[in-house]
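In what follows, a single structure is set out as structure tokens and then discussed.
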Amino acid sequence: MPDFYKMDFATYSAAFFGGFRSAWLSVFAYVLFGTYVGIGALAYDFNFSLTWVTLSTLVVWAGPAQVILISTLGGGAQLIEVAVAVGLSGVRLLPMVVSLMPLLRGPQTKSYQLLLPAHFTAVSMWVESMRLAPLMPVERRIPFCNGIAFGYMTSAMIATVIGYYLAAQLPDLLTAALLFLTPMSFLVSIARNSSMLVDRLALVLGLVLGPVLAYRNIELDVMWAGIAAGTIAYVAHRIRESLR
């Protein structure tokens, strides 16, 4: 691991900009850039304003949820239906928040200090924070992770504006391909960071069960695949540990 990540950042701002730098050294910043070019183009196609789509990027901060928001509102769905759909999409991030917050909390940490990193916890920020934050002094982890999130947010906001103005020139197939970059990068990164057998088993089971449930037209197929794969992997892990 480079010495940069082992530095004892002396100040809050040093830790924040250390995280910001880490974000731009990560492939996620560029994958998000491509994804949000597609989201900006999608918002343009549905006749949303640039102000609206950039604000939704900041507030929603989840590519799949933002695609749902734009497509359902643009398609004329009722607000309550849109809220439920976006809310259910965001539930997938709750386990990430639950696992990351204890890593960031120190003896002197106030609850309000966790609000910003909790809001900005997305797959990209979570993967990099879980990888790098343990190398930080505990009192610098929150600003470091906020810096990572701000770096990714900057990439996404710039790309949203660019995508919005390039929408007329982007073919539909390219827009769809750009939106597909994020889930593929998440899959590769999670596979790379899966060091324990339980992690690898859950990932493989999810990849198998997801398409099966989708083929069978099971509603909420992604959620059920995640629950089933995670549960089976956890039970297998406990049985394996008990036999040692």
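Convention: chains lettered A, B, ... in structure tokens order; per-chain residue numbering from 1; ligands numbered from 1 as shown.
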
| said: So that I can see what lies close to Phe20 (chain A), please list as a PyMOL selection string the residues with an atom at most 12 Å from it, counting only C-alpha atoms and leaving out residues fewer than 3 positions away in the same chain. | reply: chain A and resi 13-17+23-26+29+125+128-129+143-155

Write out as a ChimeraX atom specification which residues come within 9 Å of Ala41 (chain A) when counting only C-alpha atoms, dropping same-chain ones fewer than 4 positions away. /A:36-37,45-46,160-168,170,175

- Using only C-alpha atoms, which of the listed residues (A:Ile142, A:Val86, A:Val53, A:Leu93) sits closest to Gly106 (chain A)?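 Of A:Ile142, A:Val86, A:Val53, A:Leu93, the one nearest Gly106 (chain A), counting only C-alpha atoms, is A:Ile142.
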
Computed gap from CA of Ser89 (chain A) to CA of Lys110 (chain A) is 28.5 Å

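Distance annotation: of A:Ile218, A:Ala65, A:Leu243, A:Val82, the residue with the minimal separation from Ala122 (chain A) is A:Ala65; atom set is only C-alpha atoms.
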
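Comparing the minimum interatomic distances between Leu88 (chain A) and each of A:Leu201, A:Ala133, A:Leu100, A:Met223, counting only C-alpha atoms, we find that A:Met223 sits nearest.
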
How far is it from CA of Arg21 (chain A) to CA of Ala159 (chain A), in Å with one decimal?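 Atom-to-atom, CA of Arg21 (chain A) and CA of Ala159 (chain A) are spaced 18.1 Å apart.
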
### Query
When DSSP works through the backbone of this structure, what residues of region 77-134 of chain A end up as alpha helix (DSSP H), shown as a PyMOL selection string?
chain A and resi 79-90+94-104+115-119+123-132

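Near Val91 (chain A), within 12 Å and counting only C-alpha atoms, sit Ala62, Pro64, Ala65, Val84, Ala85, Val86, Gly87, Leu88, Leu94, Pro95, Met96, Val97, Val98, Thr121, Ala122, Leu220, Val222, Met223 and Gly226 of chain A; same-chain residues fewer than 3 positions away were not included.
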
Write a file of the just-selected residues containing N, CA and C atoms, as a CSV table (one decimal), in the first residue's frame.
```csv
chain,number,residue,atom,x,y,z
A,62,ALA,N,-27.3,8.4,-6.3
A,62,ALA,CA,-27.4,7.0,-6.6
A,62,ALA,C,-27.8,6.8,-8.0
A,64,PRO,N,-28.7,4.3,-10.1
A,64,PRO,CA,-29.9,3.6,-10.5
A,64,PRO,C,-31.2,4.3,-10.0
A,65,ALA,N,-31.1,4.8,-8.8
A,65,ALA,CA,-32.3,5.6,-8.2
A,65,ALA,C,-32.6,6.8,-9.0
A,84,VAL,N,-41.9,5.8,-3.8
A,84,VAL,CA,-41.8,4.4,-3.4
A,84,VAL,C,-40.7,3.7,-4.2
A,85,ALA,N,-40.7,3.9,-5.5
A,85,ALA,CA,-39.7,3.2,-6.3
A,85,ALA,C,-38.3,3.6,-6.0
A,86,VAL,N,-38.1,4.9,-5.8
A,86,VAL,CA,-36.8,5.5,-5.5
A,86,VAL,C,-36.4,5.0,-4.1
A,87,GLY,N,-37.3,5.0,-3.2
A,87,GLY,CA,-37.0,4.6,-1.8
A,87,GLY,C,-36.6,3.2,-1.7
A,88,LEU,N,-37.3,2.3,-2.5
A,88,LEU,CA,-37.0,0.9,-2.5
A,88,LEU,C,-35.6,0.7,-3.1
A,94,LEU,N,-28.5,0.6,2.5
A,94,LEU,CA,-28.6,0.6,4.0
A,94,LEU,C,-27.5,-0.3,4.6
A,95,PRO,N,-27.3,-1.5,4.2
A,95,PRO,CA,-26.3,-2.3,4.8
A,95,PRO,C,-24.9,-1.7,4.7
A,96,MET,N,-24.7,-1.0,3.6
A,96,MET,CA,-23.4,-0.3,3.5
A,96,MET,C,-23.2,0.8,4.5
A,97,VAL,N,-24.3,1.6,4.7
A,97,VAL,CA,-24.2,2.6,5.8
A,97,VAL,C,-24.0,2.0,7.1
A,98,VAL,N,-24.7,0.9,7.4
A,98,VAL,CA,-24.6,0.2,8.7
A,98,VAL,C,-23.2,-0.3,8.9
A,121,THR,N,-22.9,7.8,1.2
A,121,THR,CA,-22.5,6.4,1.1
A,121,THR,C,-23.2,5.8,-0.1
A,122,ALA,N,-22.5,5.5,-1.2
A,122,ALA,CA,-22.9,4.8,-2.3
A,122,ALA,C,-21.9,3.7,-2.5
A,220,LEU,N,-39.0,-7.7,-7.7
A,220,LEU,CA,-37.9,-7.3,-6.8
A,220,LEU,C,-36.8,-8.4,-6.8
A,222,VAL,N,-33.7,-8.5,-7.8
A,222,VAL,CA,-32.3,-8.1,-7.3
A,222,VAL,C,-32.3,-8.2,-5.8
A,223,MET,N,-33.4,-7.7,-5.1
A,223,MET,CA,-33.4,-7.7,-3.7
A,223,MET,C,-33.5,-9.2,-3.2
A,226,GLY,N,-30.2,-10.9,-3.6
A,226,GLY,CA,-29.2,-10.5,-2.6
A,226,GLY,C,-29.5,-11.1,-1.2
```
